[in-house]
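One file, my_file_31.tsv, carrying TSV, C-alpha atoms and all ligand atoms:
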```tsv
chain	number	residue	atom	x	y	z
T	259	MET	CA	0.00	0.00	0.00
T	260	ALA	CA	1.32	3.46	-0.91
T	261	SER	CA	2.46	5.53	2.04
T	262	TYR	CA	0.99	9.03	2.16
T	263	GLU	CA	3.66	10.17	4.56
T	264	ARG	CA	6.48	9.23	2.17
T	265	SER	CA	4.99	10.84	-0.90
T	266	LEU	CA	4.59	14.11	0.99
T	267	GLU	CA	8.17	13.98	2.26
T	268	GLU	CA	9.76	13.22	-1.08
T	269	GLN	CA	10.42	16.79	-2.18
T	270	GLY	CA	13.43	18.66	-0.92
T	271	LEU	CA	13.10	22.35	-0.10
T	272	LEU	CA	15.07	25.31	-1.39
T	273	ILE	CA	15.63	27.44	1.72
T	274	VAL	CA	17.21	30.81	1.14
T	275	LEU	CA	18.70	32.89	3.95
T	276	SER	CA	19.08	36.49	2.95
T	277	GLY	CA	19.66	39.85	4.59
T	278	PRO	CA	22.63	42.08	5.36
T	279	SER	CA	26.20	40.89	5.09
T	280	GLY	CA	27.63	39.97	8.50
T	281	VAL	CA	24.29	39.04	10.02
T	282	GLY	CA	25.37	35.42	10.53
T	283	LYS	CA	23.61	33.59	7.68
T	284	ASN	CA	26.50	31.16	7.28
T	285	SER	CA	26.65	30.39	11.00
T	286	ILE	CA	22.92	29.61	10.95
T	287	ILE	CA	23.45	27.35	7.94
T	288	ASP	CA	26.31	25.56	9.75
T	289	ALA	CA	24.02	25.01	12.78
T	290	LEU	CA	21.23	23.69	10.54
T	291	ARG	CA	23.65	21.27	8.86
T	292	GLU	CA	24.93	20.13	12.22
T	293	GLU	CA	21.35	19.36	13.22
T	294	ASP	CA	20.76	17.45	9.97
T	295	PRO	CA	23.90	16.63	7.92
T	296	GLY	CA	21.62	15.55	5.06
T	297	ARG	CA	20.98	19.23	4.31
T	298	PHE	CA	23.09	20.57	1.44
T	299	HIS	CA	24.73	24.00	1.43
T	300	SER	CA	24.95	25.40	-2.09
T	301	VAL	CA	28.49	26.69	-2.71
T	302	SER	CA	28.36	29.99	-4.58
T	303	MET	CA	30.75	31.39	-7.15
T	304	THR	CA	32.29	34.83	-6.64
T	305	THR	CA	34.79	37.17	-8.24
T	306	ARG	CA	35.87	38.67	-4.91
T	307	PRO	CA	39.29	37.53	-3.65
T	308	PRO	CA	39.37	34.78	-1.02
T	309	ARG	CA	39.75	35.80	2.64
T	310	LYS	CA	42.56	34.26	4.70
T	311	ASP	CA	40.60	31.27	6.01
T	312	GLU	CA	38.52	30.57	2.90
T	313	GLN	CA	38.94	27.44	0.81
T	314	GLU	CA	38.19	26.96	-2.87
T	315	GLY	CA	35.08	24.83	-3.35
T	316	VAL	CA	34.14	25.02	0.35
T	317	SER	CA	33.53	28.72	1.05
T	318	TYR	CA	33.13	29.67	-2.60
T	319	TYR	CA	34.31	28.84	-6.09
T	320	PHE	CA	36.61	31.79	-6.77
T	321	THR	CA	36.88	33.02	-10.33
T	322	ASN	CA	37.41	36.16	-12.43
T	323	LYS	CA	34.85	38.48	-14.04
T	324	LEU	CA	35.50	37.27	-17.59
T	325	HIS	CA	34.81	33.64	-16.65
T	326	PHE	CA	31.77	34.58	-14.53
T	327	GLU	CA	30.26	36.56	-17.41
T	328	GLU	CA	30.88	33.64	-19.75
T	329	LEU	CA	28.98	31.34	-17.35
T	330	ILE	CA	26.08	33.83	-17.24
T	331	ARG	CA	25.94	33.85	-21.06
T	332	LYS	CA	25.96	30.03	-21.11
T	333	ASP	CA	23.06	30.00	-18.60
T	334	LYS	CA	25.10	28.07	-16.05
T	335	ILE	CA	24.27	30.48	-13.23
T	336	LEU	CA	20.82	30.13	-11.64
T	337	GLU	CA	20.80	33.61	-10.07
T	338	TYR	CA	23.47	36.21	-9.48
T	339	ASP	CA	24.01	39.67	-8.12
T	340	SER	CA	26.67	42.31	-8.27
T	341	TYR	CA	27.51	43.18	-4.67
T	342	CYS	CA	30.08	45.83	-3.64
T	343	GLY	CA	31.57	45.66	-7.13
T	344	GLU	CA	31.92	41.85	-7.30
T	345	TYR	CA	29.77	39.09	-8.79
T	346	TYR	CA	28.16	36.43	-6.60
T	347	GLY	CA	26.09	33.63	-8.12
T	348	THR	CA	24.60	30.17	-7.65
T	349	PRO	CA	25.90	27.47	-10.01
T	350	ARG	CA	22.86	25.89	-11.66
T	351	GLU	CA	24.08	22.30	-12.02
T	352	PRO	CA	24.26	21.19	-8.34
T	353	ILE	CA	20.82	22.67	-7.63
T	354	GLU	CA	19.31	20.88	-10.63
T	355	ARG	CA	20.94	17.63	-9.54
T	356	MET	CA	19.83	17.90	-5.90
T	357	THR	CA	16.24	19.04	-6.36
T	358	GLY	CA	14.05	16.01	-6.83
T	359	GLN	CA	16.43	13.90	-4.70
T	360	ASN	CA	14.60	14.82	-1.50
T	361	VAL	CA	17.53	16.91	-0.31
T	362	ASP	CA	16.91	20.22	1.45
T	363	ILE	CA	19.16	22.87	-0.08
T	364	LEU	CA	20.31	25.88	1.93
T	365	LEU	CA	21.41	29.03	0.11
T	366	ASP	CA	22.89	32.26	1.40
T	367	LEU	CA	22.02	35.08	-1.02
T	368	THR	CA	21.79	38.83	-1.33
T	369	VAL	CA	18.27	40.26	-1.25
T	370	LYS	CA	18.20	40.74	-5.03
T	371	GLY	CA	19.43	37.17	-5.54
T	372	ALA	CA	16.80	35.75	-3.16
T	373	LEU	CA	13.98	37.58	-4.93
T	374	GLU	CA	15.28	36.48	-8.34
T	375	LEU	CA	15.39	32.86	-7.18
T	376	LYS	CA	11.85	33.13	-5.79
T	377	ARG	CA	10.64	34.44	-9.16
T	378	ASN	CA	12.15	31.39	-10.93
T	379	CYS	CA	11.24	28.92	-8.18
T	380	PRO	CA	8.02	30.02	-6.43
T	381	ASN	CA	8.32	27.01	-4.11
T	382	ALA	CA	11.58	28.33	-2.62
T	383	VAL	CA	11.27	29.57	0.95
T	384	ILE	CA	12.94	32.94	1.41
T	385	VAL	CA	13.89	34.04	4.91
T	386	PHE	CA	15.15	37.51	5.79
T	387	VAL	CA	17.72	37.46	8.61
T	388	THR	CA	18.56	40.65	10.50
T	389	ALA	CA	20.52	41.68	13.55
T	390	SER	CA	18.41	43.35	16.23
T	391	THR	CA	19.91	46.80	15.49
T	392	GLU	CA	22.26	48.42	12.96
T	393	GLU	CA	24.79	48.90	15.76
T	394	ALA	CA	24.79	45.15	16.46
T	395	LEU	CA	25.40	44.56	12.75
T	396	ARG	CA	28.30	47.06	12.65
T	397	GLU	CA	29.81	45.34	15.67
T	398	ARG	CA	29.58	41.92	14.01
T	399	LEU	CA	31.22	43.21	10.83
T	400	MET	CA	34.00	44.82	12.89
T	401	ASN	CA	34.53	41.71	15.02
T	402	ARG	CA	34.80	39.59	11.87
T	403	GLY	CA	37.86	41.66	11.02
T	404	THR	CA	37.76	40.82	7.32
T	405	GLU	CA	36.74	44.24	5.93
T	406	SER	CA	38.23	47.73	6.10
T	407	GLU	CA	36.21	50.51	7.74
T	408	ASP	CA	35.29	51.86	4.29
T	409	ALA	CA	34.10	48.44	3.16
T	410	ILE	CA	32.05	48.10	6.37
T	411	ASP	CA	30.37	51.47	5.69
T	412	LYS	CA	29.56	50.31	2.16
T	413	ARG	CA	28.09	47.06	3.47
T	414	LEU	CA	25.98	48.95	6.05
T	415	GLU	CA	24.68	51.29	3.35
T	416	THR	CA	23.69	48.26	1.25
T	417	ALA	CA	22.08	46.74	4.37
T	418	ARG	CA	19.86	49.82	4.81
T	419	GLU	CA	18.68	49.47	1.21
T	420	GLU	CA	18.13	45.71	1.62
T	421	MET	CA	16.00	46.25	4.76
T	422	THR	CA	13.38	48.08	2.66
T	423	LYS	CA	12.58	44.77	0.89
T	424	ILE	CA	11.80	42.79	4.03
T	425	ASP	CA	8.06	42.50	3.38
T	426	LEU	CA	8.68	40.67	0.08
T	427	PHE	CA	10.05	37.73	2.08
T	428	ASP	CA	8.17	34.69	3.42
T	429	TYR	CA	9.70	34.92	6.91
T	430	TRP	CA	11.79	37.21	9.11
T	431	VAL	CA	14.25	35.86	11.67
T	432	ILE	CA	16.31	37.93	14.11
T	433	ASN	CA	19.77	36.59	14.78
T	434	ASP	CA	20.80	37.64	18.27
T	435	LEU	CA	21.79	34.13	19.28
T	436	ILE	CA	22.73	31.66	16.54
T	437	SER	CA	21.15	28.66	18.26
T	438	GLU	CA	17.80	30.47	18.56
T	439	ALA	CA	17.86	31.76	14.99
T	440	ALA	CA	18.73	28.24	13.75
T	441	ASN	CA	15.81	26.85	15.81
T	442	ASP	CA	13.50	29.37	14.16
T	443	VAL	CA	14.65	28.39	10.66
T	444	SER	CA	14.36	24.72	11.59
T	445	ALA	CA	10.75	25.32	12.67
T	446	ILE	CA	10.10	27.10	9.35
T	447	ILE	CA	11.49	24.09	7.46
T	448	ARG	CA	9.27	21.69	9.42
T	449	ALA	CA	6.19	23.86	8.84
T	450	GLU	CA	6.93	24.26	5.12
T	451	LYS	CA	7.15	20.49	4.75
T	452	ARG	CA	3.61	20.27	6.10
T	453	ARG	CA	2.21	22.90	3.74
T	454	THR	CA	-0.49	21.29	1.59
T	455	LEU	CA	-0.23	23.95	-1.09
T	456	ARG	CA	3.40	23.03	-1.83
T	457	PHE	CA	2.35	19.76	-3.44
T	458	PHE	CA	0.15	21.42	-6.02
T	459	VAL	CA	2.57	24.06	-7.23
T	460	ASP	CA	4.58	23.27	-10.37
T	461	GLU	CA	8.25	22.48	-10.03
T	462	CYS	CA	10.57	25.44	-10.33
T	463	ASP	CA	11.64	26.85	-13.60
T	464	LEU	CA	15.34	25.97	-13.29
T	501	LIG	P1	30.68	37.88	1.44
T	501	LIG	O1	31.58	38.73	0.57
T	501	LIG	O2	30.52	38.48	2.82
T	501	LIG	O3	31.09	36.43	1.47
T	501	LIG	O4	29.22	37.91	0.77
T	501	LIG	C1	28.61	39.12	0.43
T	501	LIG	C2	27.14	38.89	0.18
T	501	LIG	O5	26.95	38.04	-0.94
T	501	LIG	C3	26.43	38.20	1.36
T	501	LIG	O6	25.28	38.96	1.69
T	501	LIG	C4	26.04	36.84	0.81
T	501	LIG	O7	24.79	36.43	1.33
T	501	LIG	C5	25.91	37.12	-0.67
T	501	LIG	N1	26.09	35.93	-1.52
T	501	LIG	C6	26.90	34.88	-1.32
T	501	LIG	N2	26.76	33.99	-2.32
T	501	LIG	C7	25.81	34.48	-3.15
T	501	LIG	C8	25.20	34.01	-4.38
T	501	LIG	O8	25.49	32.93	-4.90
T	501	LIG	N3	24.27	34.80	-4.94
T	501	LIG	C9	23.90	35.99	-4.41
T	501	LIG	N4	22.95	36.68	-5.04
T	501	LIG	N5	24.44	36.46	-3.26
T	501	LIG	C10	25.39	35.72	-2.65
```
Could you express the structure from this file as structure tokens?
Amino acid sequence: MASYERSLEEQGLLIVLSGPSGVGKNSIIDALREEDPGRFHSVSMTTRPPRKDEQEGVSYYFTNKLHFEELIRKDKILEYDSYCGEYYGTPREPIERMTGQNVDILLDLTVKGALELKRNCPNAVIVFVTASTEEALRERLMNRGTESEDAIDKRLETAREEMTKIDLFDYWVINDLISEAANDVSAIIRAEKRRTLRFFVDECDL
């Protein structure tokens, strides 16, 4: 006899964490993967130079602008954005391979990238993550120690712009404490898996 439970569980989710740089999206994703190692973190491609502790193929795929633009032309990038003068994008192939395999995919995208993905894949769940105040965000960026003061100002200016788009998102999570924010996203994932509507919406337009 067919199992209802299984057929409902067979689709993986695309879960996008978005919001200002430095807000802790990657730490939340790490906590979610610790909770369930079956979750897949999509590795993005970028033209910005690697930071000291970043590894090729783990943090990002690092490339140059010419190559990135060639991949855009060849339609190998699912969504991309130009952020602080550098390209950031999601390679299409791993997402195509993983969707349909009942794997939940976690992505960490700029606001523009998240909204572009949602347009192409209406089933994607987009979550806006913020710090509780702009001061808390500045402090996080400063503590990270990876950007100059000028670069931090630029990122905060972008953050102010990004905040105006919050009501286009499905959910809003405040990251004061990583474990609590990860619990919130985990609850969102569980609830989304129980959404009846999801099973009647067409697959995404990858
Ligand atoms: P960072 O330089 O701090 O690693 O990332 C800068 C911003 O780019 C962050 O807000 C991050 O969420 C975003 N980002 C990382 N990968 C991607 C991607 O593949 N696509 C888009 N649109 N944004 C990304």
- Query: How many Å lie between CA of Thr304 (chain T) and CA of Lys376 (chain T), rounded to one decimal?
  - Reply: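 For CA of Thr304 (chain T) relative to CA of Lys376 (chain T), the distance reads 20.5 Å.
Counting all atoms listed in the file and comparing T:Arg355, T:Arg306, T:Lys451, T:Arg297, the residue that lies closest to ligand LIG 501 (chain T) is T:Arg306.
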- Message: For a test of reading the model, state the distance in Å between CA of Arg448 (chain T) and CA of Asp362 (chain T), rounded to one decimal.
- Response: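 Interatomic distance here is 11.1 Å.
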- For region 278-295 of chain T: contacts at 9 Å, only C-alpha atoms, fewer than 5 positions along chain excluded, given as number ranges by chain: T: 364-369, 386-389, 394-396, 398-399, 402, 413-414, 416-418, 420-421, 433, 436-437, 439-441, 443-444
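Atom C4 of ligand LIG 501 (chain T) is found 16.9 Å from CA of Arg350 (chain T).
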Quick one: axis-aligned box around all listed atoms of ligand LIG 501 (chain T), 6 Å on every side, centre and edge lengths in Å to one decimal, written as JSON.
```
{"center_x": 27.3, "center_y": 36.0, "center_z": -1.1, "size_x": 20.6, "size_y": 18.2, "size_z": 19.9}
```
- When distances are computed from all atoms listed in the file, which of T:Gly347, T:Pro308, T:Pro352, T:Gly358 shows the smallest separation from ligand LIG 501 (chain T)?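 Checking each of T:Gly347, T:Pro308, T:Pro352, T:Gly358 against ligand LIG 501 (chain T), counting all atoms listed in the file, the winner is T:Gly347.
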- Query: Hey, which of T:Tyr346, T:Asp339, T:Lys332, T:Ala382 ends up closest to Phe320 (chain T)? Count all atoms listed in the file.
  - Reply: T:Tyr346
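Counting only C-alpha atoms and all ligand atoms and comparing T:Thr321, T:Asp333, T:Leu271, T:Gly371, the residue that lies closest to ligand LIG 501 (chain T) is T:Gly371.
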- From the list T:Ser300, T:Thr422, T:Thr348, T:Thr391, which residue is nearest ligand LIG 501 (chain T) when using all atoms listed in the file?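 Closest candidate: T:Thr348.
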My structure is short of atoms at region 318-329 of chain T; please model all heavy atoms there, returning them as a tab-separated table (two decimals), in the coordinates of the input.
```tsv
chain	number	residue	atom	x	y	z
T	318	TYR	N	33.59	29.20	-1.30
T	318	TYR	CA	33.13	29.67	-2.60
T	318	TYR	C	33.91	28.96	-3.68
T	318	TYR	O	34.97	28.37	-3.41
T	318	TYR	CB	33.46	31.18	-2.77
T	318	TYR	CG	32.52	32.14	-2.08
T	318	TYR	CD1	32.90	32.79	-0.90
T	318	TYR	CD2	31.26	32.44	-2.61
T	318	TYR	CE1	32.06	33.69	-0.27
T	318	TYR	CE2	30.42	33.34	-1.98
T	318	TYR	CZ	30.82	33.96	-0.81
T	318	TYR	OH	29.99	34.85	-0.19
T	319	TYR	N	33.45	29.08	-4.94
T	319	TYR	CA	34.31	28.84	-6.09
T	319	TYR	C	34.78	30.22	-6.51
T	319	TYR	O	33.95	31.08	-6.83
T	319	TYR	CB	33.54	28.18	-7.24
T	319	TYR	CG	33.00	26.81	-6.88
T	319	TYR	CD1	31.65	26.62	-6.66
T	319	TYR	CD2	33.87	25.73	-6.76
T	319	TYR	CE1	31.15	25.37	-6.30
T	319	TYR	CE2	33.38	24.47	-6.40
T	319	TYR	CZ	32.02	24.30	-6.18
T	319	TYR	OH	31.54	23.08	-5.82
T	320	PHE	N	36.08	30.46	-6.44
T	320	PHE	CA	36.61	31.79	-6.77
T	320	PHE	C	36.97	31.83	-8.25
T	320	PHE	O	37.58	30.90	-8.76
T	320	PHE	CB	37.83	32.08	-5.90
T	320	PHE	CG	37.48	32.18	-4.44
T	320	PHE	CD1	37.67	31.09	-3.59
T	320	PHE	CD2	36.94	33.34	-3.91
T	320	PHE	CE1	37.33	31.17	-2.24
T	320	PHE	CE2	36.59	33.43	-2.56
T	320	PHE	CZ	36.78	32.34	-1.74
T	321	THR	N	36.57	32.90	-8.91
T	321	THR	CA	36.88	33.02	-10.33
T	321	THR	C	37.06	34.49	-10.70
T	321	THR	O	37.01	35.37	-9.84
T	321	THR	CB	35.78	32.32	-11.17
T	321	THR	OG1	36.22	32.27	-12.52
T	321	THR	CG2	34.46	33.06	-11.12
T	322	ASN	N	37.26	34.76	-12.01
T	322	ASN	CA	37.41	36.16	-12.43
T	322	ASN	C	36.15	36.61	-13.19
T	322	ASN	O	35.29	35.80	-13.53
T	322	ASN	CB	38.67	36.33	-13.28
T	322	ASN	CG	38.66	35.40	-14.49
T	322	ASN	OD1	37.64	35.28	-15.18
T	322	ASN	ND2	39.77	34.72	-14.73
T	323	LYS	N	36.08	37.92	-13.46
T	323	LYS	CA	34.85	38.48	-14.04
T	323	LYS	C	34.58	37.93	-15.44
T	323	LYS	O	33.44	37.65	-15.81
T	323	LYS	CB	34.93	40.01	-14.07
T	323	LYS	CG	34.81	40.57	-12.66
T	323	LYS	CD	34.54	42.04	-12.60
T	323	LYS	CE	34.38	42.41	-11.13
T	323	LYS	NZ	34.46	43.78	-10.78
T	324	LEU	N	35.66	37.75	-16.21
T	324	LEU	CA	35.50	37.27	-17.59
T	324	LEU	C	34.83	35.88	-17.59
T	324	LEU	O	33.87	35.63	-18.33
T	324	LEU	CB	36.89	37.18	-18.22
T	324	LEU	CG	36.96	37.56	-19.69
T	324	LEU	CD1	36.58	39.03	-19.85
T	324	LEU	CD2	38.38	37.33	-20.22
T	325	HIS	N	35.34	35.00	-16.72
T	325	HIS	CA	34.81	33.64	-16.65
T	325	HIS	C	33.37	33.66	-16.12
T	325	HIS	O	32.49	32.96	-16.65
T	325	HIS	CB	35.71	32.78	-15.74
T	325	HIS	CG	35.26	31.35	-15.65
T	325	HIS	ND1	35.11	30.70	-14.45
T	325	HIS	CD2	34.89	30.46	-16.60
T	325	HIS	CE1	34.68	29.47	-14.66
T	325	HIS	NE2	34.54	29.29	-15.97
T	326	PHE	N	33.12	34.51	-15.11
T	326	PHE	CA	31.77	34.58	-14.53
T	326	PHE	C	30.78	35.02	-15.61
T	326	PHE	O	29.70	34.43	-15.77
T	326	PHE	CB	31.76	35.57	-13.35
T	326	PHE	CG	30.58	35.42	-12.44
T	326	PHE	CD1	30.70	34.77	-11.21
T	326	PHE	CD2	29.32	35.92	-12.80
T	326	PHE	CE1	29.60	34.63	-10.37
T	326	PHE	CE2	28.22	35.78	-11.95
T	326	PHE	CZ	28.36	35.13	-10.74
T	327	GLU	N	31.17	36.05	-16.37
T	327	GLU	CA	30.26	36.56	-17.41
T	327	GLU	C	30.02	35.51	-18.50
T	327	GLU	O	28.93	35.43	-19.06
T	327	GLU	CB	30.80	37.87	-17.99
T	327	GLU	CG	30.57	39.01	-17.00
T	327	GLU	CD	31.33	40.29	-17.33
T	327	GLU	OE1	32.09	40.30	-18.32
T	327	GLU	OE2	31.15	41.27	-16.57
T	328	GLU	N	31.05	34.71	-18.76
T	328	GLU	CA	30.88	33.64	-19.75
T	328	GLU	C	29.85	32.62	-19.23
T	328	GLU	O	28.98	32.16	-19.97
T	328	GLU	CB	32.23	32.98	-19.99
T	328	GLU	CG	32.20	31.96	-21.11
T	328	GLU	CD	33.52	31.16	-21.16
T	328	GLU	OE1	34.58	31.70	-20.75
T	328	GLU	OE2	33.44	29.99	-21.58
T	329	LEU	N	29.93	32.30	-17.93
T	329	LEU	CA	28.98	31.34	-17.35
T	329	LEU	C	27.55	31.90	-17.37
T	329	LEU	O	26.59	31.16	-17.59
T	329	LEU	CB	29.39	30.97	-15.92
T	329	LEU	CG	30.72	30.21	-15.80
T	329	LEU	CD1	31.04	29.92	-14.34
T	329	LEU	CD2	30.65	28.89	-16.58
```
